[in-house]
$ cat input.cif   # mmCIF, C-alpha atoms, pLDDT in the B column; chains and numbers go by the auth columns
data_start
loop_
_atom_site.group_PDB
_atom_site.id
_atom_site.type_symbol
_atom_site.label_atom_id
_atom_site.label_comp_id
_atom_site.label_asym_id
_atom_site.label_seq_id
_atom_site.Cartn_x
_atom_site.Cartn_y
_atom_site.Cartn_z
_atom_site.B_iso_or_equiv
_atom_site.auth_seq_id
_atom_site.auth_asym_id
ATOM 1 C CA MET A 1 15.896 13.843 -0.999 76.00 200 A
ATOM 2 C CA ARG A 2 17.963 12.786 1.961 78.00 201 A
ATOM 3 C CA GLY A 3 17.983 13.684 5.624 81.00 202 A
ATOM 4 C CA PHE A 4 16.848 12.589 9.037 88.00 203 A
ATOM 5 C CA GLU A 5 14.401 13.467 11.776 79.00 204 A
ATOM 6 C CA TYR A 6 13.782 12.517 15.363 78.00 205 A
ATOM 7 C CA LEU A 7 10.478 10.869 16.225 76.00 206 A
ATOM 8 C CA GLU A 8 8.753 10.912 19.584 78.00 207 A
ATOM 9 C CA HIS A 9 9.791 8.274 22.099 71.00 208 A
ATOM 10 C CA THR A 10 9.296 8.238 25.849 71.00 209 A
ATOM 11 C CA ALA A 11 12.822 7.372 26.977 75.00 210 A
ATOM 12 C CA ASP A 12 15.215 6.885 24.075 91.00 211 A
ATOM 13 C CA VAL A 13 16.049 8.500 20.716 93.00 212 A
ATOM 14 C CA TYR A 14 13.893 7.331 17.811 94.00 213 A
ATOM 15 C CA ILE A 15 15.394 8.160 14.413 96.00 214 A
ATOM 16 C CA ARG A 16 13.988 8.135 10.900 96.00 215 A
ATOM 17 C CA ALA A 17 16.644 8.564 8.191 97.00 216 A
ATOM 18 C CA TYR A 18 15.941 8.596 4.497 96.00 217 A
ATOM 19 C CA GLY A 19 17.523 8.932 1.098 97.00 218 A
ATOM 20 C CA ASN A 20 17.049 8.142 -2.563 96.00 219 A
ATOM 21 C CA SER A 21 18.832 4.822 -2.016 96.00 220 A
ATOM 22 C CA LEU A 22 19.760 2.373 0.710 96.00 221 A
ATOM 23 C CA LYS A 23 23.297 3.770 0.877 97.00 222 A
ATOM 24 C CA GLU A 24 22.017 7.347 1.305 97.00 223 A
ATOM 25 C CA ALA A 25 19.605 6.281 4.064 98.00 224 A
ATOM 26 C CA PHE A 26 22.393 4.434 5.914 98.00 225 A
ATOM 27 C CA ALA A 27 24.652 7.491 5.584 98.00 226 A
ATOM 28 C CA GLU A 28 21.919 9.716 7.006 98.00 227 A
ATOM 29 C CA ALA A 29 21.355 7.225 9.844 98.00 228 A
ATOM 30 C CA ALA A 30 25.009 7.644 10.805 98.00 229 A
ATOM 31 C CA ARG A 31 24.743 11.452 10.587 98.00 230 A
ATOM 32 C CA ALA A 32 21.637 11.395 12.787 98.00 231 A
ATOM 33 C CA THR A 33 23.409 9.203 15.341 98.00 232 A
ATOM 34 C CA THR A 34 26.419 11.528 15.454 98.00 233 A
ATOM 35 C CA ASN A 35 24.083 14.498 15.761 97.00 234 A
ATOM 36 C CA VAL A 36 22.721 13.032 18.998 97.00 235 A
ATOM 37 C CA MET A 37 26.267 13.066 20.432 97.00 236 A
ATOM 38 C CA THR A 38 27.203 16.527 19.106 97.00 237 A
ATOM 39 C CA ASN A 39 26.124 19.041 16.478 97.00 238 A
ATOM 40 C CA VAL A 40 27.134 17.324 13.241 96.00 239 A
ATOM 41 C CA ASP A 41 27.412 20.688 11.456 96.00 240 A
ATOM 42 C CA GLN A 42 30.350 21.680 13.695 96.00 241 A
ATOM 43 C CA ILE A 43 32.509 18.708 12.674 98.00 242 A
ATOM 44 C CA VAL A 44 35.425 19.394 10.333 97.00 243 A
ATOM 45 C CA PRO A 45 36.209 16.386 8.087 96.00 244 A
ATOM 46 C CA LYS A 46 39.960 16.069 8.844 96.00 245 A
ATOM 47 C CA ILE A 47 40.265 12.343 9.618 96.00 246 A
ATOM 48 C CA GLU A 48 39.143 9.575 7.268 98.00 247 A
ATOM 49 C CA ARG A 49 38.205 6.123 8.504 97.00 248 A
ATOM 50 C CA GLU A 50 37.063 3.045 6.576 98.00 249 A
ATOM 51 C CA PHE A 51 34.395 0.690 7.880 98.00 250 A
ATOM 52 C CA TYR A 52 33.505 -2.863 6.831 98.00 251 A
ATOM 53 C CA VAL A 53 30.366 -4.436 8.244 98.00 252 A
ATOM 54 C CA LYS A 54 28.583 -7.692 7.349 98.00 253 A
ATOM 55 C CA ALA A 55 25.230 -9.188 8.351 98.00 254 A
ATOM 56 C CA GLU A 56 22.686 -11.758 7.240 97.00 255 A
ATOM 57 C CA ASP A 57 19.947 -9.152 6.769 97.00 256 A
ATOM 58 C CA LEU A 58 19.560 -5.401 6.331 97.00 257 A
ATOM 59 C CA GLU A 59 18.352 -4.886 9.892 97.00 258 A
ATOM 60 C CA GLY A 60 21.504 -6.542 11.222 97.00 259 A
ATOM 61 C CA LEU A 61 23.612 -4.480 8.831 98.00 260 A
ATOM 62 C CA LEU A 62 22.050 -1.234 10.088 98.00 261 A
ATOM 63 C CA TYR A 63 22.557 -2.353 13.695 98.00 262 A
ATOM 64 C CA ARG A 64 26.239 -3.178 13.176 98.00 263 A
ATOM 65 C CA TRP A 65 26.874 0.012 11.178 98.00 264 A
ATOM 66 C CA ILE A 66 25.441 2.312 13.831 98.00 265 A
ATOM 67 C CA GLU A 67 27.199 0.375 16.613 97.00 266 A
ATOM 68 C CA GLU A 68 30.515 1.015 14.846 97.00 267 A
ATOM 69 C CA ILE A 69 29.882 4.774 14.861 98.00 268 A
ATOM 70 C CA ILE A 70 29.034 4.669 18.578 98.00 269 A
ATOM 71 C CA ILE A 71 32.047 2.485 19.471 97.00 270 A
ATOM 72 C CA ILE A 72 34.533 4.734 17.637 97.00 271 A
ATOM 73 C CA PHE A 73 33.218 7.698 19.606 97.00 272 A
ATOM 74 C CA ASP A 74 33.316 5.820 22.926 96.00 273 A
ATOM 75 C CA VAL A 75 36.811 4.396 22.421 97.00 274 A
ATOM 76 C CA GLU A 76 38.617 6.998 20.305 97.00 275 A
ATOM 77 C CA GLN A 77 36.506 10.141 20.795 97.00 276 A
ATOM 78 C CA ILE A 78 36.169 10.637 17.021 98.00 277 A
ATOM 79 C CA VAL A 79 32.982 12.076 15.527 98.00 278 A
ATOM 80 C CA PHE A 80 32.087 11.927 11.844 98.00 279 A
ATOM 81 C CA SER A 81 30.039 14.221 9.625 97.00 280 A
ATOM 82 C CA ASP A 82 30.562 12.940 6.079 97.00 281 A
ATOM 83 C CA PHE A 83 29.745 9.394 5.037 98.00 282 A
ATOM 84 C CA GLU A 84 30.187 7.593 1.727 98.00 283 A
ATOM 85 C CA VAL A 85 28.427 4.232 1.956 98.00 284 A
ATOM 86 C CA LYS A 86 28.330 1.257 -0.401 98.00 285 A
ATOM 87 C CA ILE A 87 26.017 -1.698 0.243 98.00 286 A
ATOM 88 C CA GLU A 88 25.813 -4.950 -1.680 97.00 287 A
ATOM 89 C CA LYS A 89 24.614 -8.477 -1.203 96.00 288 A
ATOM 90 C CA TYR A 90 27.140 -11.228 -1.827 93.00 289 A
ATOM 91 C CA ASN A 91 26.637 -14.954 -1.138 93.00 290 A
ATOM 92 C CA ASN A 92 23.484 -14.384 0.957 93.00 291 A
ATOM 93 C CA GLU A 93 25.255 -11.831 3.134 97.00 292 A
ATOM 94 C CA TRP A 94 24.871 -8.046 3.160 98.00 293 A
ATOM 95 C CA ASN A 95 28.114 -6.068 3.079 98.00 294 A
ATOM 96 C CA LEU A 96 28.625 -2.425 3.922 98.00 295 A
ATOM 97 C CA LYS A 97 31.815 -0.585 3.053 98.00 296 A
ATOM 98 C CA ALA A 98 32.018 3.042 4.080 98.00 297 A
ATOM 99 C CA LYS A 99 34.385 5.963 4.306 98.00 298 A
ATOM 100 C CA ALA A 100 33.665 8.406 7.088 98.00 299 A
ATOM 101 C CA LYS A 101 35.289 11.785 7.604 98.00 300 A
ATOM 102 C CA GLY A 102 35.417 13.671 10.863 98.00 301 A
ATOM 103 C CA GLU A 103 37.686 14.751 13.674 98.00 302 A
ATOM 104 C CA GLU A 104 38.545 14.193 17.313 98.00 303 A
ATOM 105 C CA PHE A 105 35.842 15.441 19.645 98.00 304 A
ATOM 106 C CA ASP A 106 36.877 18.702 21.293 97.00 305 A
ATOM 107 C CA PRO A 107 34.539 19.901 24.068 95.00 306 A
ATOM 108 C CA SER A 108 35.819 23.452 23.623 96.00 307 A
ATOM 109 C CA ARG A 109 34.537 23.484 20.009 95.00 308 A
ATOM 110 C CA HIS A 110 31.863 20.793 19.858 96.00 309 A
ATOM 111 C CA GLU A 111 28.558 20.844 21.700 94.00 310 A
ATOM 112 C CA ILE A 112 28.229 18.059 24.231 94.00 311 A
ATOM 113 C CA GLY A 113 25.115 16.144 23.274 95.00 312 A
ATOM 114 C CA THR A 114 23.462 13.057 24.682 93.00 313 A
ATOM 115 C CA GLU A 115 25.459 9.971 25.595 94.00 314 A
ATOM 116 C CA ILE A 116 24.375 6.915 23.596 96.00 315 A
ATOM 117 C CA LYS A 117 24.564 3.613 25.444 94.00 316 A
ATOM 118 C CA ALA A 118 23.845 1.414 22.428 93.00 317 A
ATOM 119 C CA MET A 119 21.931 0.803 19.243 93.00 318 A
ATOM 120 C CA THR A 120 18.900 -1.413 19.821 92.00 319 A
ATOM 121 C CA TYR A 121 17.118 -3.969 17.679 88.00 320 A
ATOM 122 C CA GLY A 122 13.799 -2.640 18.951 79.00 321 A
ATOM 123 C CA MET A 123 11.638 -1.101 16.254 86.00 322 A
ATOM 124 C CA ILE A 124 14.186 -1.336 13.424 96.00 323 A
ATOM 125 C CA LYS A 125 12.337 -0.766 10.185 96.00 324 A
ATOM 126 C CA ILE A 126 13.735 -0.581 6.663 97.00 325 A
ATOM 127 C CA GLU A 127 11.471 0.356 3.772 96.00 326 A
ATOM 128 C CA VAL A 128 12.965 0.289 0.270 93.00 327 A
ATOM 129 C CA THR A 129 11.040 1.553 -2.757 90.00 328 A
ATOM 130 C CA ASP A 130 12.110 2.653 -6.222 89.00 329 A
ATOM 131 C CA LYS A 131 12.038 6.316 -5.208 90.00 330 A
ATOM 132 C CA ARG A 132 13.008 6.400 -1.539 95.00 331 A
ATOM 133 C CA THR A 133 14.493 4.368 1.280 97.00 332 A
ATOM 134 C CA ILE A 134 13.556 4.947 4.924 97.00 333 A
ATOM 135 C CA VAL A 135 15.252 3.439 7.954 97.00 334 A
ATOM 136 C CA GLU A 136 13.963 3.776 11.503 96.00 335 A
ATOM 137 C CA PHE A 137 15.704 2.705 14.697 97.00 336 A
ATOM 138 C CA ILE A 138 16.101 3.480 18.381 95.00 337 A
ATOM 139 C CA LEU A 139 19.209 4.501 20.285 96.00 338 A
ATOM 140 C CA ASP A 140 19.352 3.605 23.971 93.00 339 A
ATOM 141 C CA ILE A 141 20.406 6.698 25.926 92.00 340 A
#
$ encode --input "input.cif" --output "structure tokens"
Amino acid sequence: MRGFEYLEHTADVYIRAYGNSLKEAFAEAARATTNVMTNVDQIVPKIEREFYVKAEDLEGLLYRWIEEIIIIFDVEQIVFSDFEVKIEKYNNEWNLKAKAKGEEFDPSRHEIGTEIKAMTYGMIKIEVTDKRTIVEFILDI
């Protein structure tokens, strides 16, 4: 089972994303982030973009991955709805390679959601079990 939900937080957006694997949970984390900016179900996957992110630990990898999604929206006004994520550890470093599909944001077709200032390190949590992976994080809005 994969998906995401928003948890209660006084000022920011607190996300819990989950999947049957680490790659599914990271994909759902990206979908949840995009869904804060606009309704992810309204995005047509016309543009494909590849992402490469590295970090020393999984928390850093999640941080850098979500920051990439936010930066692409801020700089290029592209929103994504479909994510294919691969994660592996190589030479004591975590590597994420992803393909994301989406389109240019169009205010006449896409709902205008909440502006995200940044991903934060506060309250990042990653729980990996044999049956399910859960990631939790906060977006500064």
$ resolve_selection --input "input.cif" --expression "the PyMOL selection byres ((chain A and resi 203) around 6)" --output "ChimeraX atom specification"
/A:202,204,215-216
$ write_last_selection --input "input.cif" --atoms "C-alpha atoms" --output "tab-separated table (two decimals), keeping the file's coordinate frame"
chain	number	residue	atom	x	y	z
A	202	GLY	CA	17.98	13.68	5.62
A	204	GLU	CA	14.40	13.47	11.78
A	215	ARG	CA	13.99	8.14	10.90
A	216	ALA	CA	16.64	8.56	8.19
$ resolve_selection --input "input.cif" --expression "the PyMOL selection byres ((chain A and resi 220-228) around 7)" --output "count of residues only"
20
$ residues_near_point --input "input.cif" --point "(22.8, -0.5, 15.1)" --cutoff "8 Å" --atoms "only C-alpha atoms" --output "compact mmCIF listing (two decimals) with C-alpha atoms, in the frame of the given file"
# COMPACT_ATOMS: atom_id res chain seq x y z
CA GLY A 259 21.50 -6.54 11.22
CA LEU A 260 23.61 -4.48 8.83
CA LEU A 261 22.05 -1.23 10.09
CA TYR A 262 22.56 -2.35 13.70
CA ARG A 263 26.24 -3.18 13.18
CA TRP A 264 26.87 0.01 11.18
CA ILE A 265 25.44 2.31 13.83
CA GLU A 266 27.20 0.38 16.61
CA GLU A 267 30.52 1.01 14.85
CA ALA A 317 23.84 1.41 22.43
CA MET A 318 21.93 0.80 19.24
CA THR A 319 18.90 -1.41 19.82
CA TYR A 320 17.12 -3.97 17.68
CA PHE A 336 15.70 2.70 14.70
$ closest_residue --input "input.cif" --among "A:Pro244, A:Gly301, A:Gly312, A:Pro306" --to "Val278 of chain A" --atoms "only C-alpha atoms"
A:Gly301
$ resolve_selection --input "input.cif" --expression "the PyMOL selection byres ((chain A and resi 249) around 6)" --output "list in words"
Arg248, Phe250, Ala297 and Lys298 of chain A
$ atom_distance --input "input.cif" --atom1 "atom CA of Lys296 of chain A" --atom2 "atom CA of Ile268 of chain A"
13.1 Å
$ atom_distance --input "input.cif" --atom1 "atom CA of Leu295 of chain A" --atom2 "atom CA of Lys316 of chain A"
22.7 Å
$ closest_residue --input "input.cif" --among "A:Thr233, A:Thr209, A:Thr328, A:Asn291" --to "Asp273 of chain A" --atoms "only C-alpha atoms"
A:Thr233
$ closest_residue --input "input.cif" --among "A:Ser307, A:Ile337, A:Val212, A:Asn290" --to "Glu255 of chain A" --atoms "all atoms listed in the file"
A:Asn290
$ build_atoms --input "input.cif" --residues "segment 223-253 of chain A" --atoms "N, CA and C atoms" --output "compact mmCIF listing (two decimals), in the frame of the given file"
# COMPACT_ATOMS: atom_id res chain seq x y z
N GLU A 223 22.27 6.00 0.79
CA GLU A 223 22.02 7.35 1.30
C GLU A 223 21.30 7.30 2.65
N ALA A 224 20.34 6.41 2.80
CA ALA A 224 19.60 6.28 4.06
C ALA A 224 20.53 5.83 5.19
N PHE A 225 21.44 4.88 4.90
CA PHE A 225 22.39 4.43 5.91
C PHE A 225 23.37 5.55 6.28
N ALA A 226 23.77 6.35 5.30
CA ALA A 226 24.65 7.49 5.58
C ALA A 226 23.94 8.50 6.49
N GLU A 227 22.69 8.77 6.19
CA GLU A 227 21.92 9.72 7.01
C GLU A 227 21.66 9.16 8.40
N ALA A 228 21.51 7.85 8.53
CA ALA A 228 21.36 7.22 9.84
C ALA A 228 22.59 7.47 10.70
N ALA A 229 23.76 7.38 10.08
CA ALA A 229 25.01 7.64 10.80
C ALA A 229 25.12 9.12 11.19
N ARG A 230 24.73 10.01 10.28
CA ARG A 230 24.74 11.45 10.59
C ARG A 230 23.79 11.76 11.75
N ALA A 231 22.61 11.16 11.72
CA ALA A 231 21.64 11.40 12.79
C ALA A 231 22.16 10.90 14.13
N THR A 232 22.83 9.76 14.11
CA THR A 232 23.41 9.20 15.34
C THR A 232 24.48 10.14 15.89
N THR A 233 25.37 10.59 15.03
CA THR A 233 26.42 11.53 15.45
C THR A 233 25.80 12.81 15.99
N ASN A 234 24.73 13.26 15.35
CA ASN A 234 24.08 14.50 15.76
C ASN A 234 23.47 14.41 17.15
N VAL A 235 23.19 13.21 17.62
CA VAL A 235 22.72 13.03 19.00
C VAL A 235 23.88 13.32 19.96
N MET A 236 25.09 12.91 19.57
CA MET A 236 26.27 13.07 20.43
C MET A 236 26.83 14.49 20.42
N THR A 237 26.72 15.16 19.26
CA THR A 237 27.20 16.53 19.11
C THR A 237 26.58 17.11 17.85
N ASN A 238 26.67 18.41 17.67
CA ASN A 238 26.12 19.04 16.48
C ASN A 238 26.97 18.65 15.27
N VAL A 239 26.40 17.86 14.39
CA VAL A 239 27.13 17.32 13.24
C VAL A 239 27.64 18.43 12.32
N ASP A 240 27.00 19.58 12.32
CA ASP A 240 27.41 20.69 11.46
C ASP A 240 28.70 21.37 11.94
N GLN A 241 29.13 21.09 13.16
CA GLN A 241 30.35 21.68 13.70
C GLN A 241 31.58 20.81 13.46
N ILE A 242 31.40 19.65 12.86
CA ILE A 242 32.51 18.71 12.67
C ILE A 242 33.26 19.04 11.38
N VAL A 243 34.57 19.15 11.49
CA VAL A 243 35.42 19.39 10.33
C VAL A 243 35.97 18.04 9.86
N PRO A 244 35.77 17.70 8.59
CA PRO A 244 36.21 16.39 8.09
C PRO A 244 37.72 16.30 7.84
N LYS A 245 38.50 16.11 8.92
CA LYS A 245 39.96 16.07 8.84
C LYS A 245 40.51 14.64 8.83
N ILE A 246 39.82 13.73 9.49
CA ILE A 246 40.26 12.34 9.62
C ILE A 246 39.36 11.47 8.76
N GLU A 247 39.95 10.52 8.05
CA GLU A 247 39.14 9.57 7.27
C GLU A 247 39.31 8.18 7.84
N ARG A 248 38.20 7.48 7.96
CA ARG A 248 38.20 6.12 8.50
C ARG A 248 37.37 5.24 7.59
N GLU A 249 37.83 4.01 7.37
CA GLU A 249 37.06 3.04 6.58
C GLU A 249 36.38 2.05 7.51
N PHE A 250 35.19 1.65 7.11
CA PHE A 250 34.40 0.69 7.88
C PHE A 250 33.99 -0.46 6.97
N TYR A 251 34.00 -1.67 7.52
CA TYR A 251 33.51 -2.86 6.83
C TYR A 251 32.59 -3.60 7.79
N VAL A 252 31.35 -3.79 7.38
CA VAL A 252 30.37 -4.44 8.24
C VAL A 252 29.62 -5.47 7.42
N LYS A 253 29.33 -6.63 8.02
CA LYS A 253 28.58 -7.69 7.35
C LYS A 253 27.44 -8.16 8.24
